[in-house]
Structures are given as C-alpha cells and as structure tokens.
file model31.csv (CSV, N, CA and C atoms)
chain,number,residue,atom,x,y,z
A,11,MET,N,16.8,9.2,-18.7
A,11,MET,CA,15.4,9.0,-18.2
A,11,MET,C,15.5,8.4,-16.8
A,12,PRO,N,14.7,8.8,-15.9
A,12,PRO,CA,14.7,8.3,-14.5
A,12,PRO,C,14.3,6.8,-14.5
A,13,LEU,N,14.9,6.1,-13.5
A,13,LEU,CA,14.5,4.7,-13.2
A,13,LEU,C,13.6,4.6,-12.0
A,14,PHE,N,12.7,3.7,-12.0
A,14,PHE,CA,11.8,3.5,-10.9
A,14,PHE,C,11.7,2.0,-10.6
A,15,CYS,N,11.5,1.7,-9.3
A,15,CYS,CA,11.4,0.4,-8.8
A,15,CYS,C,9.9,0.2,-8.4
A,16,PHE,N,9.3,-0.8,-8.9
A,16,PHE,CA,8.0,-1.2,-8.4
A,16,PHE,C,8.2,-2.4,-7.5
A,17,HIS,N,7.8,-2.3,-6.2
A,17,HIS,CA,7.9,-3.4,-5.3
A,17,HIS,C,6.4,-3.7,-4.9
A,18,CYS,N,6.0,-4.9,-5.3
A,18,CYS,CA,4.5,-5.2,-5.2
A,18,CYS,C,4.4,-6.5,-4.4
A,19,LEU,N,3.6,-6.5,-3.3
A,19,LEU,CA,3.4,-7.7,-2.5
A,19,LEU,C,1.9,-8.1,-2.7
A,20,ASP,N,1.8,-9.4,-3.0
A,20,ASP,CA,0.5,-10.0,-3.2
A,20,ASP,C,-0.4,-9.8,-1.9
A,21,LYS,N,-1.7,-9.7,-2.1
A,21,LYS,CA,-2.5,-9.7,-0.9
A,21,LYS,C,-2.6,-11.1,-0.4
A,22,LYS,N,-2.7,-11.2,0.9
A,22,LYS,CA,-2.6,-12.4,1.6
A,22,LYS,C,-3.8,-13.3,1.4
A,23,ASP,N,-5.0,-12.7,1.2
A,23,ASP,CA,-6.2,-13.5,1.0
A,23,ASP,C,-6.6,-13.5,-0.4
A,24,GLY,N,-6.3,-14.6,-1.1
A,24,GLY,CA,-6.7,-14.8,-2.5
A,24,GLY,C,-5.7,-14.3,-3.5
A,25,GLY,N,-4.6,-13.7,-3.1
A,25,GLY,CA,-3.6,-13.2,-4.0
A,25,GLY,C,-2.9,-14.2,-4.9
A,26,ALA,N,-2.6,-15.4,-4.3
A,26,ALA,CA,-2.0,-16.5,-5.0
A,26,ALA,C,-2.9,-17.0,-6.1
A,27,ALA,N,-4.1,-17.2,-5.9
A,27,ALA,CA,-5.1,-17.7,-6.9
A,27,ALA,C,-5.2,-16.7,-8.0
A,28,LEU,N,-5.3,-15.4,-7.7
A,28,LEU,CA,-5.5,-14.4,-8.7
A,28,LEU,C,-4.2,-14.3,-9.5
A,29,ARG,N,-3.0,-14.4,-8.9
A,29,ARG,CA,-1.7,-14.4,-9.6
A,29,ARG,C,-1.7,-15.6,-10.6
A,30,ALA,N,-2.1,-16.7,-10.2
A,30,ALA,CA,-2.0,-17.9,-11.1
A,30,ALA,C,-2.9,-17.7,-12.3
A,31,ARG,N,-4.1,-17.2,-12.1
A,31,ARG,CA,-5.1,-17.0,-13.2
A,31,ARG,C,-4.6,-15.9,-14.1
A,32,THR,N,-4.0,-14.8,-13.6
A,32,THR,CA,-3.6,-13.7,-14.4
A,32,THR,C,-2.2,-13.7,-15.0
A,33,ARG,N,-1.4,-14.7,-14.6
A,33,ARG,CA,0.0,-14.7,-14.9
A,33,ARG,C,0.3,-14.6,-16.5
A,34,PRO,N,-0.5,-15.4,-17.3
A,34,PRO,CA,-0.2,-15.3,-18.8
A,34,PRO,C,-0.4,-13.8,-19.3
A,35,ALA,N,-1.4,-13.1,-18.9
A,35,ALA,CA,-1.7,-11.8,-19.3
A,35,ALA,C,-0.6,-10.8,-18.8
A,36,HIS,N,-0.2,-11.1,-17.5
A,36,HIS,CA,0.8,-10.2,-16.9
A,36,HIS,C,2.2,-10.4,-17.7
A,37,LEU,N,2.6,-11.6,-18.0
A,37,LEU,CA,3.8,-11.8,-18.7
A,37,LEU,C,3.8,-11.2,-20.1
A,38,GLU,N,2.6,-11.4,-20.8
A,38,GLU,CA,2.5,-10.8,-22.1
A,38,GLU,C,2.6,-9.3,-22.0
A,39,TRP,N,2.0,-8.6,-21.0
A,39,TRP,CA,2.1,-7.2,-20.9
A,39,TRP,C,3.6,-6.8,-20.6
A,40,ALA,N,4.2,-7.5,-19.6
A,40,ALA,CA,5.6,-7.1,-19.3
A,40,ALA,C,6.5,-7.2,-20.5
A,41,VAL,N,6.4,-8.3,-21.3
A,41,VAL,CA,7.3,-8.4,-22.4
A,41,VAL,C,7.0,-7.3,-23.4
A,42,SER,N,5.7,-6.9,-23.5
A,42,SER,CA,5.4,-5.8,-24.5
A,42,SER,C,6.0,-4.5,-24.2
A,43,LEU,N,6.5,-4.3,-23.0
A,43,LEU,CA,7.1,-3.0,-22.6
A,43,LEU,C,8.5,-2.9,-23.1
A,44,GLY,N,9.1,-3.9,-23.6
A,44,GLY,CA,10.4,-3.9,-24.3
A,44,GLY,C,11.5,-3.3,-23.4
A,45,ASP,N,12.2,-2.3,-24.0
A,45,ASP,CA,13.4,-1.7,-23.3
A,45,ASP,C,13.0,-0.8,-22.1
A,46,THR,N,11.7,-0.6,-21.9
A,46,THR,CA,11.3,0.2,-20.7
A,46,THR,C,11.6,-0.6,-19.4
A,47,VAL,N,11.6,-1.9,-19.5
A,47,VAL,CA,11.9,-2.8,-18.4
A,47,VAL,C,13.4,-3.2,-18.4
A,48,HIS,N,14.1,-2.8,-17.3
A,48,HIS,CA,15.5,-3.2,-17.2
A,48,HIS,C,15.6,-4.5,-16.4
A,49,MET,N,14.7,-4.8,-15.6
A,49,MET,CA,14.7,-6.1,-14.8
A,49,MET,C,13.3,-6.3,-14.2
A,50,ALA,N,12.8,-7.5,-14.2
A,50,ALA,CA,11.6,-7.8,-13.6
A,50,ALA,C,11.5,-9.3,-13.2
A,51,GLY,N,10.8,-9.6,-12.2
A,51,GLY,CA,10.6,-11.0,-11.8
A,51,GLY,C,9.8,-11.1,-10.5
A,52,PRO,N,9.4,-12.3,-10.1
A,52,PRO,CA,8.6,-12.5,-8.9
A,52,PRO,C,9.5,-12.4,-7.7
A,53,LEU,N,8.9,-11.9,-6.6
A,53,LEU,CA,9.4,-12.0,-5.3
A,53,LEU,C,9.0,-13.3,-4.7
A,54,LEU,N,10.0,-14.0,-4.0
A,54,LEU,CA,9.8,-15.3,-3.5
A,54,LEU,C,9.7,-15.4,-2.0
A,55,ALA,N,8.9,-16.3,-1.5
A,55,ALA,CA,8.9,-16.5,-0.1
A,55,ALA,C,10.2,-17.2,0.4
A,56,GLU,N,10.4,-17.4,1.7
A,56,GLU,CA,11.6,-18.0,2.2
A,56,GLU,C,11.8,-19.4,1.6
A,57,ASP,N,10.8,-20.1,1.2
A,57,ASP,CA,11.0,-21.4,0.6
A,57,ASP,C,11.7,-21.4,-0.7
A,58,GLY,N,11.8,-20.2,-1.3
A,58,GLY,CA,12.5,-20.0,-2.6
A,58,GLY,C,11.6,-20.5,-3.8
A,59,GLU,N,10.4,-20.8,-3.5
A,59,GLU,CA,9.5,-21.3,-4.6
A,59,GLU,C,8.2,-20.5,-4.7
A,60,THR,N,7.6,-20.2,-3.6
A,60,THR,CA,6.3,-19.6,-3.6
A,60,THR,C,6.4,-18.1,-4.0
A,61,MET,N,5.7,-17.7,-5.1
A,61,MET,CA,5.7,-16.3,-5.5
A,61,MET,C,4.8,-15.5,-4.6
A,62,ILE,N,5.3,-14.4,-4.0
A,62,ILE,CA,4.6,-13.6,-3.1
A,62,ILE,C,4.5,-12.1,-3.6
A,63,GLY,N,5.0,-11.8,-4.7
A,63,GLY,CA,4.9,-10.5,-5.2
A,63,GLY,C,5.7,-10.3,-6.5
A,64,SER,N,5.9,-9.1,-6.9
A,64,SER,CA,6.7,-8.8,-8.1
A,64,SER,C,7.6,-7.6,-7.9
A,65,VAL,N,8.7,-7.5,-8.7
A,65,VAL,CA,9.6,-6.4,-8.6
A,65,VAL,C,9.9,-6.0,-10.1
A,66,PHE,N,9.9,-4.7,-10.4
A,66,PHE,CA,10.2,-4.2,-11.7
A,66,PHE,C,11.2,-3.1,-11.5
A,67,LEU,N,12.1,-2.9,-12.4
A,67,LEU,CA,13.0,-1.8,-12.6
A,67,LEU,C,12.7,-1.2,-14.0
A,68,VAL,N,12.1,0.0,-14.0
A,68,VAL,CA,11.7,0.5,-15.3
A,68,VAL,C,12.1,1.9,-15.5
A,69,THR,N,12.2,2.4,-16.7
A,69,THR,CA,12.4,3.8,-17.0
A,69,THR,C,11.0,4.4,-17.3
A,70,ALA,N,10.9,5.6,-16.8
A,70,ALA,CA,9.7,6.4,-17.0
A,70,ALA,C,10.0,7.9,-16.9
A,71,ASP,N,9.2,8.7,-17.6
A,71,ASP,CA,9.5,10.2,-17.6
A,71,ASP,C,9.3,10.8,-16.2
A,72,SER,N,8.5,10.2,-15.4
A,72,SER,CA,8.2,10.8,-14.1
A,72,SER,C,7.6,9.8,-13.1
A,73,LEU,N,7.4,10.1,-11.9
A,73,LEU,CA,6.7,9.3,-10.9
A,73,LEU,C,5.3,9.0,-11.4
A,74,ALA,N,4.6,10.1,-11.9
A,74,ALA,CA,3.3,9.9,-12.3
A,74,ALA,C,3.2,8.9,-13.5
A,75,ALA,N,4.2,9.0,-14.4
A,75,ALA,CA,4.2,8.1,-15.6
A,75,ALA,C,4.5,6.7,-15.1
A,76,ALA,N,5.3,6.5,-14.1
A,76,ALA,CA,5.6,5.2,-13.5
A,76,ALA,C,4.3,4.6,-12.9
A,77,ARG,N,3.6,5.4,-12.1
A,77,ARG,CA,2.4,5.0,-11.5
A,77,ARG,C,1.4,4.6,-12.6
A,78,ALA,N,1.3,5.3,-13.6
A,78,ALA,CA,0.3,5.0,-14.7
A,78,ALA,C,0.7,3.7,-15.4
A,79,LEU,N,2.0,3.5,-15.5
A,79,LEU,CA,2.5,2.2,-16.1
A,79,LEU,C,2.1,1.0,-15.2
A,80,SER,N,2.3,1.2,-13.9
A,80,SER,CA,2.0,0.1,-13.0
A,80,SER,C,0.5,-0.2,-13.0
A,81,ALA,N,-0.3,0.8,-13.2
A,81,ALA,CA,-1.8,0.7,-13.2
A,81,ALA,C,-2.2,-0.2,-14.4
A,82,GLN,N,-1.4,-0.3,-15.5
A,82,GLN,CA,-1.7,-1.1,-16.6
A,82,GLN,C,-1.4,-2.6,-16.4
A,83,ASP,N,-0.7,-2.9,-15.4
A,83,ASP,CA,-0.3,-4.3,-15.2
A,83,ASP,C,-1.6,-5.1,-14.9
A,84,PRO,N,-1.8,-6.2,-15.6
A,84,PRO,CA,-2.9,-7.1,-15.4
A,84,PRO,C,-3.0,-7.6,-13.9
A,85,TYR,N,-1.9,-7.7,-13.3
A,85,TYR,CA,-1.9,-8.1,-11.8
A,85,TYR,C,-2.6,-7.0,-11.0
A,86,THR,N,-2.2,-5.7,-11.3
A,86,THR,CA,-2.8,-4.6,-10.6
A,86,THR,C,-4.3,-4.5,-10.9
A,87,GLN,N,-4.7,-4.7,-12.2
A,87,GLN,CA,-6.1,-4.6,-12.6
A,87,GLN,C,-6.9,-5.7,-12.0
A,88,ALA,N,-6.3,-6.9,-11.8
A,88,ALA,CA,-7.0,-8.0,-11.2
A,88,ALA,C,-7.1,-8.0,-9.7
A,89,GLY,N,-6.4,-7.1,-9.1
A,89,GLY,CA,-6.4,-7.0,-7.6
A,89,GLY,C,-5.4,-8.0,-6.9
A,90,VAL,N,-4.4,-8.4,-7.6
A,90,VAL,CA,-3.4,-9.4,-7.0
A,90,VAL,C,-2.7,-8.7,-5.8
A,91,PHE,N,-2.3,-7.5,-6.0
A,91,PHE,CA,-1.4,-6.9,-5.0
A,91,PHE,C,-2.2,-6.3,-3.8
A,92,GLY,N,-1.6,-6.5,-2.6
A,92,GLY,CA,-2.1,-5.9,-1.4
A,92,GLY,C,-1.4,-4.6,-1.1
A,93,GLU,N,-0.1,-4.5,-1.6
A,93,GLU,CA,0.7,-3.4,-1.3
A,93,GLU,C,1.6,-3.1,-2.5
A,94,VAL,N,1.7,-1.9,-3.0
A,94,VAL,CA,2.5,-1.5,-4.1
A,94,VAL,C,3.3,-0.2,-3.7
A,95,SER,N,4.6,-0.3,-3.8
A,95,SER,CA,5.5,0.9,-3.6
A,95,SER,C,6.2,1.2,-4.9
A,96,ILE,N,6.3,2.4,-5.2
A,96,ILE,CA,7.0,2.9,-6.4
A,96,ILE,C,7.9,4.0,-6.0
A,97,HIS,N,9.2,3.8,-6.3
A,97,HIS,CA,10.2,4.8,-5.9
A,97,HIS,C,11.2,5.0,-7.0
A,98,GLU,N,11.6,6.2,-7.2
A,98,GLU,CA,12.7,6.5,-8.1
A,98,GLU,C,14.0,6.0,-7.5
A,99,VAL,N,14.9,5.4,-8.3
A,99,VAL,CA,16.1,4.8,-7.9
A,99,VAL,C,17.3,5.3,-8.7
A,100,ARG,N,18.5,5.3,-8.1
A,100,ARG,CA,19.7,5.5,-8.9
A,100,ARG,C,20.5,4.3,-9.0
A,101,TRP,N,20.8,3.8,-10.2
A,101,TRP,CA,21.6,2.6,-10.4
A,101,TRP,C,23.0,3.0,-10.2
A,102,SER,N,23.6,2.6,-9.1
A,102,SER,CA,25.0,3.0,-8.8
A,102,SER,C,26.0,2.0,-9.3
A,103,ILE,N,25.8,0.7,-9.1
A,103,ILE,CA,26.7,-0.4,-9.4
A,103,ILE,C,25.9,-1.5,-10.0
A,104,GLY,N,26.6,-2.4,-10.7
A,104,GLY,CA,26.0,-3.6,-11.3
A,104,GLY,C,26.0,-3.6,-12.8
A,105,GLU,N,26.1,-4.8,-13.3
A,105,GLU,CA,26.1,-5.0,-14.7
A,105,GLU,C,24.7,-4.5,-15.3
A,106,GLY,N,24.8,-3.9,-16.5
A,106,GLY,CA,23.6,-3.4,-17.1
A,106,GLY,C,23.2,-2.0,-16.8
A,107,LYS,N,24.1,-1.3,-15.9
A,107,LYS,CA,23.8,0.0,-15.5
A,107,LYS,C,23.7,0.9,-16.8
A,108,PRO,N,22.5,1.7,-16.9
A,108,PRO,CA,22.4,2.6,-18.0
A,108,PRO,C,23.5,3.7,-18.0
A,109,ALA,N,23.9,4.1,-19.1
A,109,ALA,CA,24.9,5.2,-19.2
A,109,ALA,C,24.4,6.5,-18.7

call {"tool": "encode", "arguments": {"input": "model31.csv", "output": "structure tokens"}}
result
Amino acid sequence: MPLFCFHCLDKKDGGAALRARTRPAHLEWAVSLGDTVHMAGPLLAEDGETMIGSVFLVTADSLAAARALSAQDPYTQAGVFGEVSIHEVRWSIGEGKPA
C-alpha cells in the first residue's frame, strides 16, 4: 500500500491557540488510526520547543484517500493549519521500513 507524508504548518495568526485547544482530540484521533500511521509528531520551531505544525507518514490506498484521511484530523477541522502538503513517498532507508 502506498505511503504518504502529511506536512502541515500551523497558520501564523491564531494557530498556536487552536492547536492547544484541539490537541487532546487530535491525539485521540491519531492513536485511533492504529497501523495506518507509521510515524507522526509535531514540527518544532528553531527553539526546539514551540510546535509549529505536524508531520505524518501514513499508508493509504490513494492520494484521494490520504487527503480524505487528513480532512478527518481535528486540527484540520478546527482550522489550525495554514498550509498542508500531502505527497506520496518511497521509504528507501531507515528502521521500520515496510516490506
């Protein structure tokens, strides 16, 4: 099954506050995806502390299915993100590479 990377940057005006309010629902949703998610976590600012976005590596049947999955994210629904890019990727090296 194809792998897709979600690269999501928070909107600059109000994104941090929306992220904080929506984080519990976002985490619950992400955990509920089970094996669909190969890796996920926040993108951090240069200070190494401030969350400025999210990244996911997921399996999906198609780009359309990956976009539909991203649309279910509570962060997406709350308007946290100012920019979202979704691309198919090939996992070439690294621990955890699917067979």

call {"tool": "residues_near_point", "arguments": {"input": "model31.csv", "point": "(10.5, 1.7, -5.8)", "cutoff": "12 Å", "atoms": "only C-alpha atoms", "output": "ChimeraX atom specification"}}
result
/A:12-18,64-69,73,76-77,80,93-100

call {"tool": "closest_residue", "arguments": {"input": "model31.csv", "among": "A:Ala74, A:Pro84, A:His48, A:Gly58", "to": "Gly106 in chain A", "atoms": "only N, CA and C atoms"}}
result
A:His48

call {"tool": "closest_residue", "arguments": {"input": "model31.csv", "among": "A:Arg31, A:Gly44, A:Gly24, A:His36", "to": "Ala81 in chain A", "atoms": "only C-alpha atoms"}}
result
A:His36

call {"tool": "atom_distance", "arguments": {"input": "model31.csv", "atom1": "atom C of Ala50 in chain A", "atom2": "atom N of Phe91 in chain A"}}
result
15.7 Å

call {"tool": "closest_residue", "arguments": {"input": "model31.csv", "among": "A:Met61, A:Ala40, A:Ala75, A:Ala55", "to": "Gly25 in chain A", "atoms": "all atoms listed in the file"}}
result
A:Met61

call {"tool": "atom_distance", "arguments": {"input": "model31.csv", "atom1": "CA of Arg29 in chain A", "atom2": "CA of Val90 in chain A"}}
result
5.9 Å

call {"tool": "atom_distance", "arguments": {"input": "model31.csv", "atom1": "CA of Pro52 in chain A", "atom2": "CA of Ala70 in chain A"}}
result
20.6 Å

call {"tool": "closest_residue", "arguments": {"input": "model31.csv", "among": "A:Asp23, A:Asp71, A:Asp83, A:Ala78", "to": "Met11 in chain A", "atoms": "only C-alpha atoms"}}
result
A:Asp71

call {"tool": "select_by_dssp", "arguments": {"input": "model31.csv", "residues": "chain A", "states": "alpha helix (DSSP H)", "output": "PyMOL selection string"}}
result
chain A and resi 25-42+73-82+84-88

call {"tool": "select_by_dssp", "arguments": {"input": "model31.csv", "residues": "range 13-47 of chain A", "states": "strand (DSSP E)", "output": "list in words"}}
result
Leu13, Phe14, Cys15, Phe16, His17, Cys18, Leu19, Asp20 and Val47 of chain A

call {"tool": "write_last_selection", "arguments": {"input": "model31.csv", "atoms": "N, CA and C atoms", "output": "mmCIF file, in the coordinates of the input"}}
result
data_model
loop_
_atom_site.group_PDB
_atom_site.id
_atom_site.type_symbol
_atom_site.label_atom_id
_atom_site.label_comp_id
_atom_site.auth_asym_id
_atom_site.auth_seq_id
_atom_site.Cartn_x
_atom_site.Cartn_y
_atom_site.Cartn_z
ATOM 1 N N LEU A 13 14.900 6.100 -13.500
ATOM 2 C CA LEU A 13 14.500 4.700 -13.200
ATOM 3 C C LEU A 13 13.600 4.600 -12.000
ATOM 4 N N PHE A 14 12.700 3.700 -12.000
ATOM 5 C CA PHE A 14 11.800 3.500 -10.900
ATOM 6 C C PHE A 14 11.700 2.000 -10.600
ATOM 7 N N CYS A 15 11.500 1.700 -9.300
ATOM 8 C CA CYS A 15 11.400 0.400 -8.800
ATOM 9 C C CYS A 15 9.900 0.200 -8.400
ATOM 10 N N PHE A 16 9.300 -0.800 -8.900
ATOM 11 C CA PHE A 16 8.000 -1.200 -8.400
ATOM 12 C C PHE A 16 8.200 -2.400 -7.500
ATOM 13 N N HIS A 17 7.800 -2.300 -6.200
ATOM 14 C CA HIS A 17 7.900 -3.400 -5.300
ATOM 15 C C HIS A 17 6.400 -3.700 -4.900
ATOM 16 N N CYS A 18 6.000 -4.900 -5.300
ATOM 17 C CA CYS A 18 4.500 -5.200 -5.200
ATOM 18 C C CYS A 18 4.400 -6.500 -4.400
ATOM 19 N N LEU A 19 3.600 -6.500 -3.300
ATOM 20 C CA LEU A 19 3.400 -7.700 -2.500
ATOM 21 C C LEU A 19 1.900 -8.100 -2.700
ATOM 22 N N ASP A 20 1.800 -9.400 -3.000
ATOM 23 C CA ASP A 20 0.500 -10.000 -3.200
ATOM 24 C C ASP A 20 -0.400 -9.800 -1.900
ATOM 25 N N VAL A 47 11.600 -1.900 -19.500
ATOM 26 C CA VAL A 47 11.900 -2.800 -18.400
ATOM 27 C C VAL A 47 13.400 -3.200 -18.400
#

call {"tool": "build_atoms", "arguments": {"input": "model31.csv", "residues": "range 79-102 of chain A", "atoms": "N, CA, C and O atoms", "output": "CSV table (one decimal), in the coordinates of the input"}}
result
chain,number,residue,atom,x,y,z
A,79,LEU,N,2.0,3.5,-15.5
A,79,LEU,CA,2.5,2.2,-16.1
A,79,LEU,C,2.1,1.0,-15.2
A,79,LEU,O,1.6,0.0,-15.7
A,80,SER,N,2.3,1.2,-13.9
A,80,SER,CA,2.0,0.1,-13.0
A,80,SER,C,0.5,-0.2,-13.0
A,80,SER,O,0.1,-1.3,-12.9
A,81,ALA,N,-0.3,0.8,-13.2
A,81,ALA,CA,-1.8,0.7,-13.2
A,81,ALA,C,-2.2,-0.2,-14.4
A,81,ALA,O,-3.3,-0.8,-14.4
A,82,GLN,N,-1.4,-0.3,-15.5
A,82,GLN,CA,-1.7,-1.1,-16.6
A,82,GLN,C,-1.4,-2.6,-16.4
A,82,GLN,O,-1.9,-3.4,-17.2
A,83,ASP,N,-0.7,-2.9,-15.4
A,83,ASP,CA,-0.3,-4.3,-15.2
A,83,ASP,C,-1.6,-5.1,-14.9
A,83,ASP,O,-2.4,-4.8,-14.1
A,84,PRO,N,-1.8,-6.2,-15.6
A,84,PRO,CA,-2.9,-7.1,-15.4
A,84,PRO,C,-3.0,-7.6,-13.9
A,84,PRO,O,-4.1,-7.7,-13.4
A,85,TYR,N,-1.9,-7.7,-13.3
A,85,TYR,CA,-1.9,-8.1,-11.8
A,85,TYR,C,-2.6,-7.0,-11.0
A,85,TYR,O,-3.4,-7.2,-10.2
A,86,THR,N,-2.2,-5.7,-11.3
A,86,THR,CA,-2.8,-4.6,-10.6
A,86,THR,C,-4.3,-4.5,-10.9
A,86,THR,O,-5.1,-4.4,-10.0
A,87,GLN,N,-4.7,-4.7,-12.2
A,87,GLN,CA,-6.1,-4.6,-12.6
A,87,GLN,C,-6.9,-5.7,-12.0
A,87,GLN,O,-8.1,-5.5,-11.7
A,88,ALA,N,-6.3,-6.9,-11.8
A,88,ALA,CA,-7.0,-8.0,-11.2
A,88,ALA,C,-7.1,-8.0,-9.7
A,88,ALA,O,-7.8,-8.8,-9.1
A,89,GLY,N,-6.4,-7.1,-9.1
A,89,GLY,CA,-6.4,-7.0,-7.6
A,89,GLY,C,-5.4,-8.0,-6.9
A,89,GLY,O,-5.7,-8.3,-5.8
A,90,VAL,N,-4.4,-8.4,-7.6
A,90,VAL,CA,-3.4,-9.4,-7.0
A,90,VAL,C,-2.7,-8.7,-5.8
A,90,VAL,O,-2.5,-9.4,-4.8
A,91,PHE,N,-2.3,-7.5,-6.0
A,91,PHE,CA,-1.4,-6.9,-5.0
A,91,PHE,C,-2.2,-6.3,-3.8
A,91,PHE,O,-3.2,-5.6,-4.0
A,92,GLY,N,-1.6,-6.5,-2.6
A,92,GLY,CA,-2.1,-5.9,-1.4
A,92,GLY,C,-1.4,-4.6,-1.1
A,92,GLY,O,-1.9,-3.7,-0.4
A,93,GLU,N,-0.1,-4.5,-1.6
A,93,GLU,CA,0.7,-3.4,-1.3
A,93,GLU,C,1.6,-3.1,-2.5
A,93,GLU,O,2.2,-4.0,-3.0
A,94,VAL,N,1.7,-1.9,-3.0
A,94,VAL,CA,2.5,-1.5,-4.1
A,94,VAL,C,3.3,-0.2,-3.7
A,94,VAL,O,2.7,0.8,-3.3
A,95,SER,N,4.6,-0.3,-3.8
A,95,SER,CA,5.5,0.9,-3.6
A,95,SER,C,6.2,1.2,-4.9
A,95,SER,O,6.8,0.3,-5.5
A,96,ILE,N,6.3,2.4,-5.2
A,96,ILE,CA,7.0,2.9,-6.4
A,96,ILE,C,7.9,4.0,-6.0
A,96,ILE,O,7.4,5.0,-5.5
A,97,HIS,N,9.2,3.8,-6.3
A,97,HIS,CA,10.2,4.8,-5.9
A,97,HIS,C,11.2,5.0,-7.0
A,97,HIS,O,11.6,4.0,-7.7
A,98,GLU,N,11.6,6.2,-7.2
A,98,GLU,CA,12.7,6.5,-8.1
A,98,GLU,C,14.0,6.0,-7.5
A,98,GLU,O,14.2,6.0,-6.3
A,99,VAL,N,14.9,5.4,-8.3
A,99,VAL,CA,16.1,4.8,-7.9
A,99,VAL,C,17.3,5.3,-8.7
A,99,VAL,O,17.1,5.8,-9.8
A,100,ARG,N,18.5,5.3,-8.1
A,100,ARG,CA,19.7,5.5,-8.9
A,100,ARG,C,20.5,4.3,-9.0
A,100,ARG,O,20.8,3.7,-7.9
A,101,TRP,N,20.8,3.8,-10.2
A,101,TRP,CA,21.6,2.6,-10.4
A,101,TRP,C,23.0,3.0,-10.2
A,101,TRP,O,23.6,3.6,-11.1
A,102,SER,N,23.6,2.6,-9.1
A,102,SER,CA,25.0,3.0,-8.8
A,102,SER,C,26.0,2.0,-9.3
A,102,SER,O,27.1,2.3,-9.8
